[in-house]
Amino acid sequence: MPRSLRNLLLGLLWGLVVGYVVYSAARVRTHRRELVVQRLEIEIADSSSRGQLVTAAGVRQWLARSGMKTVGTAAREVDVQAIEALILGNGFVADATVSIDYGGTLRIALRQRRPVVRLLFDGYNAYATDDGYLFAAPPSSALYVPVMTGSYAPPAPPAHTGSAADYIAARIAESERRIAEIEREKYPLYRAERENDENIKALRRMRIKKRLLERRENFERRVKELREKKAQLRRRYRYTARVLQERIDKISARQAAEREKQKKLRKSYEDFLKLLNFVVLVEEDDFWRSEIVQIVVAKGPGGAPEIELVPRTGSHTVIFGSPDDAEGKFAKLLKFYRRGLRNIGWETYRTIDVRYKEQVVCTK
């Protein structure tokens, strides 16, 4: 085949490809302009096997209350990013994806978080995941997870939604900024301290020379005056140095107080994670997951939380069997309790409430 004919055919082929691409793009743009959302499909990947925190009906209610355009609206007018932001605004939603397919279906796929415990402390009604993510309990939500009550306060405030680690990190960053601001208060004092040191050095260099043909009595008088002046200046400079150091020490004490607050913040977060780890440990055992219904957490004398487990009580005779069997299970629970606290790093613990044994025995 001649080269010119081959080049012509290749050119025609590439022209057809480019034409098809341009035509297809134009058709897609035209279709997008004319596309109308026909239906709404919601898919929930439920990561919790113990109930749902979000339902398809709930998502539809969110969209209806927000006034966002969905079904019956031109696809180009539907703000998928705003819909994603609306859904992700609920703390119990881990991630969400919103898209419109070629057929006009608005698809919403989301995944909810998996809480391990419900926090019902003073002012708190929230769920917590095993990695320390907190979110407010949705209205009428009831998941089969342990309930934690008592006088203990989590490291994040009741209104916080998000990771407790991020909250603590933000508070520590604020504390570091305050420490830096306090440090700047020392700068004028440092300058005054340097000036005072220079004055002390100049004082040490002060000398007096005998003048030519000066009488001895006059020279000794001038020496005495210089000594008195140097003694007076030395006392003044020492007093100034002491005052400056006291002011610097007071500022340093404020910085030390901020660092102590940081230590307490880190300690509170570590204790909170240990509590969550203990809950996970209880949940991993089938027997104790069904046995323990409440975890009471109080603040101990040293500031560390103290745990009291509340098992099922009352007339559950069929579960516990004979009094001897109940005592054996109580001993097993106590052993499990101590082992669990050692596993999460707590060296001290308090004996479980003996009402467990007494109430079970009394049911016979």
# chains A, B, ... in the order shown; residues from 1 in each chain; ligands from 1

call {"tool": "select_by_dssp", "arguments": {"residues": "range 133-297 of chain A", "states": "alpha helix (DSSP H)", "output": "JSON, numbers by chain"}}
result
{"A": [164, 165, 166, 167, 168, 169, 170, 171, 172, 173, 174, 175, 176, 177, 178, 179, 180, 181, 182, 183, 184, 187, 188, 189, 190, 191, 192, 193, 194, 195, 196, 197, 198, 199, 200, 201, 202, 203, 204, 205, 216, 217, 218, 219, 220, 221, 222, 223, 224, 225, 226, 227, 228, 229, 230, 231, 232, 233, 234, 235, 236, 237, 238, 239, 240, 241, 242, 243, 244, 245, 246, 247, 248, 249, 250, 251, 252, 253, 254, 255, 256, 257, 258, 259, 260, 261, 262, 263, 264, 265, 266, 267, 268, 269, 270, 271, 272, 273, 274, 275, 276, 277, 278, 279, 280, 281, 282, 283, 286, 287, 288, 289, 290, 291]}

call {"tool": "residues_around", "arguments": {"residues": "Ile208 in chain A", "least_positions_apart": "5", "cutoff": "12 Å", "atoms": "only C-alpha atoms", "output": "number ranges by chain"}}
result
A: 219-227, 230

call {"tool": "write_last_selection", "arguments": {"atoms": "all heavy atoms", "output": "compact mmCIF listing (two decimals), in the first residue's frame"}}
result
# COMPACT_ATOMS: atom_id res chain seq x y z
N PHE A 219 42.92 62.34 98.02
CA PHE A 219 42.78 61.08 97.27
C PHE A 219 42.03 60.03 98.10
O PHE A 219 41.15 59.32 97.60
CB PHE A 219 44.17 60.57 96.89
CG PHE A 219 44.15 59.22 96.23
CD1 PHE A 219 43.64 59.05 94.96
CD2 PHE A 219 44.62 58.10 96.92
CE1 PHE A 219 43.62 57.81 94.36
CE2 PHE A 219 44.60 56.86 96.33
CZ PHE A 219 44.09 56.70 95.04
N GLU A 220 42.40 59.94 99.39
CA GLU A 220 41.72 58.97 100.26
C GLU A 220 40.24 59.32 100.43
O GLU A 220 39.39 58.42 100.52
CB GLU A 220 42.41 58.93 101.62
CG GLU A 220 43.80 58.29 101.56
CD GLU A 220 44.49 58.31 102.90
OE1 GLU A 220 43.93 58.99 103.81
OE2 GLU A 220 45.54 57.65 103.05
N ARG A 221 39.93 60.61 100.45
CA ARG A 221 38.52 61.00 100.55
C ARG A 221 37.75 60.57 99.31
O ARG A 221 36.62 60.06 99.40
CB ARG A 221 38.44 62.53 100.74
CG ARG A 221 37.01 63.05 100.82
CD ARG A 221 37.01 64.55 100.96
NE ARG A 221 37.72 65.18 99.85
CZ ARG A 221 37.20 65.37 98.63
NH1 ARG A 221 35.97 64.98 98.37
NH2 ARG A 221 37.91 65.96 97.69
N ARG A 222 38.37 60.76 98.14
CA ARG A 222 37.69 60.36 96.91
C ARG A 222 37.53 58.84 96.82
O ARG A 222 36.53 58.32 96.33
CB ARG A 222 38.47 60.88 95.70
CG ARG A 222 38.38 62.40 95.57
CD ARG A 222 38.81 62.88 94.18
NE ARG A 222 40.15 62.51 93.83
CZ ARG A 222 40.47 61.74 92.78
NH1 ARG A 222 39.49 61.27 92.00
NH2 ARG A 222 41.73 61.45 92.50
N VAL A 223 38.52 58.12 97.31
CA VAL A 223 38.42 56.64 97.33
C VAL A 223 37.28 56.21 98.24
O VAL A 223 36.51 55.29 97.91
CB VAL A 223 39.75 56.02 97.79
CG1 VAL A 223 39.58 54.53 98.07
CG2 VAL A 223 40.83 56.25 96.75
N LYS A 224 37.15 56.83 99.37
CA LYS A 224 36.08 56.48 100.30
C LYS A 224 34.72 56.77 99.69
O LYS A 224 33.77 55.96 99.80
CB LYS A 224 36.26 57.28 101.60
CG LYS A 224 35.22 56.96 102.64
CD LYS A 224 35.46 57.77 103.91
CE LYS A 224 34.38 57.46 104.94
NZ LYS A 224 34.57 58.27 106.18
N GLU A 225 34.60 57.90 99.01
CA GLU A 225 33.32 58.23 98.36
C GLU A 225 32.99 57.22 97.27
O GLU A 225 31.82 56.84 97.11
CB GLU A 225 33.40 59.65 97.76
CG GLU A 225 33.47 60.74 98.82
CD GLU A 225 33.66 62.10 98.20
OE1 GLU A 225 33.88 62.17 96.95
OE2 GLU A 225 33.59 63.11 98.93
N LEU A 226 34.00 56.79 96.51
CA LEU A 226 33.76 55.81 95.46
C LEU A 226 33.31 54.47 96.05
O LEU A 226 32.41 53.82 95.51
CB LEU A 226 35.03 55.62 94.62
CG LEU A 226 34.94 54.59 93.49
CD1 LEU A 226 33.86 54.98 92.50
CD2 LEU A 226 36.27 54.42 92.79
N ARG A 227 33.94 54.08 97.16
CA ARG A 227 33.54 52.82 97.79
C ARG A 227 32.10 52.87 98.29
O ARG A 227 31.35 51.90 98.14
CB ARG A 227 34.48 52.52 98.95
CG ARG A 227 35.87 52.07 98.51
CD ARG A 227 36.78 51.89 99.71
NE ARG A 227 38.10 51.41 99.29
CZ ARG A 227 39.16 51.30 100.11
NH1 ARG A 227 39.00 51.67 101.41
NH2 ARG A 227 40.31 50.87 99.66
N LYS A 230 29.87 52.64 95.22
CA LYS A 230 29.83 51.28 94.68
C LYS A 230 29.00 50.36 95.59
O LYS A 230 28.26 49.50 95.10
CB LYS A 230 31.25 50.74 94.53
CG LYS A 230 32.04 51.43 93.42
CD LYS A 230 33.46 50.90 93.32
CE LYS A 230 33.49 49.47 92.83
NZ LYS A 230 34.89 49.01 92.60

call {"tool": "residues_around", "arguments": {"residues": "Pro157 in chain A", "least_positions_apart": "2", "cutoff": "12 Å", "atoms": "only C-alpha atoms", "output": "list in words"}}
result
Leu119, Phe121, Asp122, Gly123, Tyr124, Asn125, Ala126, Leu134, Phe135, Ala136, Ala153, Pro154, Pro155, Ala159, His160, Thr161, Gly162, Ser163, Ala164, Tyr167, Ile168 and Arg171 of chain A

call {"tool": "atom_distance", "arguments": {"atom1": "CA of Ala74 in chain A", "atom2": "CA of Leu35 in chain A"}}
result
5.8 Å

call {"tool": "atom_distance", "arguments": {"atom1": "CA of Ala180 in chain A", "atom2": "CA of Asp271 in chain A"}}
result
28.1 Å

call {"tool": "residues_around", "arguments": {"residues": "Val147 in chain A", "least_positions_apart": "5", "cutoff": "7 Å", "atoms": "only C-alpha atoms", "output": "ChimeraX atom specification"}}
result
/A:117-120,293-295

call {"tool": "write_last_selection", "arguments": {"atoms": "N, CA, C and O atoms", "output": "PDB file, in the first residue's frame"}}
result
ATOM      1  N   VAL A 117     -20.144   1.449  73.900  1.00  0.00           N
ATOM      2  CA  VAL A 117     -20.694   1.772  75.210  1.00  0.00           C
ATOM      3  C   VAL A 117     -21.530   3.040  75.087  1.00  0.00           C
ATOM      4  O   VAL A 117     -21.292   3.882  74.218  1.00  0.00           O
ATOM      5  N   ARG A 118     -22.522   3.137  75.958  1.00  0.00           N
ATOM      6  CA  ARG A 118     -23.323   4.358  76.041  1.00  0.00           C
ATOM      7  C   ARG A 118     -22.970   5.085  77.334  1.00  0.00           C
ATOM      8  O   ARG A 118     -22.957   4.482  78.413  1.00  0.00           O
ATOM      9  N   LEU A 119     -22.694   6.366  77.238  1.00  0.00           N
ATOM     10  CA  LEU A 119     -22.289   7.187  78.379  1.00  0.00           C
ATOM     11  C   LEU A 119     -23.499   7.953  78.898  1.00  0.00           C
ATOM     12  O   LEU A 119     -24.078   8.779  78.184  1.00  0.00           O
ATOM     13  N   LEU A 120     -23.864   7.665  80.132  1.00  0.00           N
ATOM     14  CA  LEU A 120     -24.995   8.351  80.766  1.00  0.00           C
ATOM     15  C   LEU A 120     -24.531   9.017  82.059  1.00  0.00           C
ATOM     16  O   LEU A 120     -25.107   8.815  83.130  1.00  0.00           O
ATOM     17  N   VAL A 293     -24.687  -5.548  82.908  1.00  0.00           N
ATOM     18  CA  VAL A 293     -25.662  -4.636  82.308  1.00  0.00           C
ATOM     19  C   VAL A 293     -25.291  -3.170  82.530  1.00  0.00           C
ATOM     20  O   VAL A 293     -25.790  -2.297  81.831  1.00  0.00           O
ATOM     21  N   GLN A 294     -24.429  -2.900  83.486  1.00  0.00           N
ATOM     22  CA  GLN A 294     -24.088  -1.510  83.771  1.00  0.00           C
ATOM     23  C   GLN A 294     -22.696  -1.437  84.377  1.00  0.00           C
ATOM     24  O   GLN A 294     -22.280  -2.338  85.112  1.00  0.00           O
ATOM     25  N   ILE A 295     -21.981  -0.367  84.036  1.00  0.00           N
ATOM     26  CA  ILE A 295     -20.649  -0.122  84.577  1.00  0.00           C
ATOM     27  C   ILE A 295     -20.683   1.251  85.250  1.00  0.00           C
ATOM     28  O   ILE A 295     -20.923   2.264  84.594  1.00  0.00           O
TER      29      ILE A 295
END

call {"tool": "residues_around", "arguments": {"residues": "Asp95 in chain A", "least_positions_apart": "5", "cutoff": "7 Å", "atoms": "only C-alpha atoms", "output": "NGL selection string"}}
result
:A and (88 or 110-111)

call {"tool": "closest_atom_pairs", "arguments": {"of": "range 237-269 of chain A", "to": "range 186-207 of chain A", "cutoff": "8 Å", "atoms": "only C-alpha atoms", "output": "tab-separated table"}}
result
residue	atom	partner	partner_atom	distance
A:Tyr237	CA	A:Asn196	CA	6.3
A:Thr240	CA	A:Asn196	CA	7.4
A:Ala241	CA	A:Glu193	CA	6.6
A:Leu244	CA	A:Leu189	CA	6.3
A:Arg247	CA	A:Leu189	CA	8.0
A:Ile248	CA	A:Lys186	CA	6.3
A:Ile251	CA	A:Lys186	CA	7.3

call {"tool": "residues_around", "arguments": {"residues": "Ala165 in chain A", "least_positions_apart": "4", "cutoff": "12 Å", "atoms": "only C-alpha atoms", "output": "number ranges by chain"}}
result
A: 131-134, 154-156, 160-161, 169-172, 265-270, 272-273

call {"tool": "closest_residue", "arguments": {"among": "A:Asn7, A:Ser252, A:Gln262, A:Glu306", "to": "Arg184 in chain A", "atoms": "only C-alpha atoms"}}
result
A:Ser252

call {"tool": "select_by_dssp", "arguments": {"residues": "range 60-258 of chain A", "states": "strand (DSSP E or B)", "output": "number ranges by chain"}}
result
A: 74, 93-100, 105-112, 115-119, 126-129, 133-136, 147-150, 162-163

call {"tool": "decode", "arguments": {"residues": "range 223-261 of chain A", "atoms": "N, CA and C atoms", "output": "mmCIF file, in the first residue's frame"}}
result
data_model
loop_
_atom_site.group_PDB
_atom_site.id
_atom_site.type_symbol
_atom_site.label_atom_id
_atom_site.label_comp_id
_atom_site.auth_asym_id
_atom_site.auth_seq_id
_atom_site.Cartn_x
_atom_site.Cartn_y
_atom_site.Cartn_z
ATOM 1 N N VAL A 223 38.525 58.119 97.309
ATOM 2 C CA VAL A 223 38.420 56.643 97.335
ATOM 3 C C VAL A 223 37.282 56.215 98.239
ATOM 4 N N LYS A 224 37.153 56.830 99.371
ATOM 5 C CA LYS A 224 36.077 56.476 100.300
ATOM 6 C C LYS A 224 34.717 56.770 99.688
ATOM 7 N N GLU A 225 34.596 57.902 99.013
ATOM 8 C CA GLU A 225 33.324 58.227 98.359
ATOM 9 C C GLU A 225 32.986 57.222 97.275
ATOM 10 N N LEU A 226 34.003 56.790 96.510
ATOM 11 C CA LEU A 226 33.762 55.807 95.456
ATOM 12 C C LEU A 226 33.308 54.473 96.051
ATOM 13 N N ARG A 227 33.941 54.081 97.159
ATOM 14 C CA ARG A 227 33.541 52.821 97.789
ATOM 15 C C ARG A 227 32.100 52.872 98.287
ATOM 16 N N GLU A 228 31.731 54.011 98.872
ATOM 17 C CA GLU A 228 30.349 54.152 99.336
ATOM 18 C C GLU A 228 29.373 54.121 98.165
ATOM 19 N N LYS A 229 29.735 54.775 97.065
ATOM 20 C CA LYS A 229 28.878 54.775 95.880
ATOM 21 C C LYS A 229 28.748 53.371 95.305
ATOM 22 N N LYS A 230 29.871 52.639 95.217
ATOM 23 C CA LYS A 230 29.832 51.278 94.682
ATOM 24 C C LYS A 230 29.004 50.356 95.586
ATOM 25 N N ALA A 231 29.120 50.525 96.889
ATOM 26 C CA ALA A 231 28.337 49.704 97.805
ATOM 27 C C ALA A 231 26.838 49.979 97.638
ATOM 28 N N GLN A 232 26.495 51.246 97.467
ATOM 29 C CA GLN A 232 25.093 51.608 97.269
ATOM 30 C C GLN A 232 24.564 51.049 95.955
ATOM 31 N N LEU A 233 25.350 51.208 94.876
ATOM 32 C CA LEU A 233 24.940 50.666 93.579
ATOM 33 C C LEU A 233 24.860 49.145 93.604
ATOM 34 N N ARG A 234 25.803 48.518 94.318
ATOM 35 C CA ARG A 234 25.796 47.054 94.386
ATOM 36 C C ARG A 234 24.524 46.556 95.054
ATOM 37 N N ARG A 235 24.103 47.235 96.145
ATOM 38 C CA ARG A 235 22.853 46.838 96.798
ATOM 39 C C ARG A 235 21.651 47.048 95.878
ATOM 40 N N ARG A 236 21.658 48.169 95.132
ATOM 41 C CA ARG A 236 20.551 48.438 94.224
ATOM 42 C C ARG A 236 20.477 47.391 93.117
ATOM 43 N N TYR A 237 21.637 47.064 92.528
ATOM 44 C CA TYR A 237 21.647 46.090 91.425
ATOM 45 C C TYR A 237 21.270 44.699 91.915
ATOM 46 N N ARG A 238 21.710 44.338 93.107
ATOM 47 C CA ARG A 238 21.333 43.034 93.648
ATOM 48 C C ARG A 238 19.826 42.976 93.909
ATOM 49 N N TYR A 239 19.284 44.063 94.443
ATOM 50 C CA TYR A 239 17.840 44.101 94.680
ATOM 51 C C TYR A 239 17.081 44.015 93.359
ATOM 52 N N THR A 240 17.562 44.746 92.351
ATOM 53 C CA THR A 240 16.912 44.685 91.025
ATOM 54 C C THR A 240 16.970 43.280 90.455
ATOM 55 N N ALA A 241 18.129 42.622 90.581
ATOM 56 C CA ALA A 241 18.266 41.253 90.075
ATOM 57 C C ALA A 241 17.299 40.310 90.799
ATOM 58 N N ARG A 242 17.154 40.496 92.104
ATOM 59 C CA ARG A 242 16.255 39.629 92.864
ATOM 60 C C ARG A 242 14.796 39.857 92.466
ATOM 61 N N VAL A 243 14.422 41.111 92.293
ATOM 62 C CA VAL A 243 13.043 41.417 91.893
ATOM 63 C C VAL A 243 12.746 40.858 90.502
ATOM 64 N N LEU A 244 13.695 41.052 89.571
ATOM 65 C CA LEU A 244 13.499 40.525 88.217
ATOM 66 C C LEU A 244 13.371 39.009 88.228
ATOM 67 N N GLN A 245 14.202 38.345 89.012
ATOM 68 C CA GLN A 245 14.150 36.884 89.070
ATOM 69 C C GLN A 245 12.830 36.408 89.674
ATOM 70 N N GLU A 246 12.332 37.118 90.687
ATOM 71 C CA GLU A 246 11.051 36.741 91.287
ATOM 72 C C GLU A 246 9.916 36.883 90.270
ATOM 73 N N ARG A 247 9.944 37.934 89.483
ATOM 74 C CA ARG A 247 8.912 38.128 88.465
ATOM 75 C C ARG A 247 9.014 37.063 87.385
ATOM 76 N N ILE A 248 10.240 36.720 87.000
ATOM 77 C CA ILE A 248 10.424 35.646 86.010
ATOM 78 C C ILE A 248 9.946 34.312 86.577
ATOM 79 N N ASP A 249 10.226 34.064 87.855
ATOM 80 C CA ASP A 249 9.796 32.815 88.479
ATOM 81 C C ASP A 249 8.273 32.719 88.534
ATOM 82 N N LYS A 250 7.597 33.831 88.795
ATOM 83 C CA LYS A 250 6.137 33.816 88.823
ATOM 84 C C LYS A 250 5.568 33.487 87.449
ATOM 85 N N ILE A 251 6.179 34.050 86.414
ATOM 86 C CA ILE A 251 5.727 33.749 85.053
ATOM 87 C C ILE A 251 6.006 32.281 84.720
ATOM 88 N N SER A 252 7.170 31.796 85.137
ATOM 89 C CA SER A 252 7.504 30.382 84.904
ATOM 90 C C SER A 252 6.526 29.462 85.644
ATOM 91 N N ALA A 253 6.070 29.890 86.820
ATOM 92 C CA ALA A 253 5.105 29.085 87.569
ATOM 93 C C ALA A 253 3.788 28.976 86.805
ATOM 94 N N ARG A 254 3.377 30.044 86.136
ATOM 95 C CA ARG A 254 2.168 29.982 85.307
ATOM 96 C C ARG A 254 2.363 29.015 84.151
ATOM 97 N N GLN A 255 3.555 29.029 83.572
ATOM 98 C CA GLN A 255 3.834 28.063 82.506
ATOM 99 C C GLN A 255 3.824 26.637 83.038
ATOM 100 N N ALA A 256 4.385 26.443 84.214
ATOM 101 C CA ALA A 256 4.385 25.106 84.818
ATOM 102 C C ALA A 256 2.962 24.638 85.100
ATOM 103 N N ALA A 257 2.085 25.574 85.501
ATOM 104 C CA ALA A 257 0.688 25.213 85.743
ATOM 105 C C ALA A 257 0.014 24.776 84.446
ATOM 106 N N GLU A 258 0.345 25.443 83.333
ATOM 107 C CA GLU A 258 -0.211 25.039 82.045
ATOM 108 C C GLU A 258 0.281 23.642 81.656
ATOM 109 N N ARG A 259 1.562 23.375 81.897
ATOM 110 C CA ARG A 259 2.090 22.037 81.568
ATOM 111 C C ARG A 259 1.457 20.975 82.461
ATOM 112 N N GLU A 260 1.153 21.332 83.699
ATOM 113 C CA GLU A 260 0.477 20.381 84.584
ATOM 114 C C GLU A 260 -0.934 20.083 84.068
ATOM 115 N N LYS A 261 -1.597 21.116 83.538
ATOM 116 C CA LYS A 261 -2.911 20.895 82.933
ATOM 117 C C LYS A 261 -2.804 19.953 81.744
#
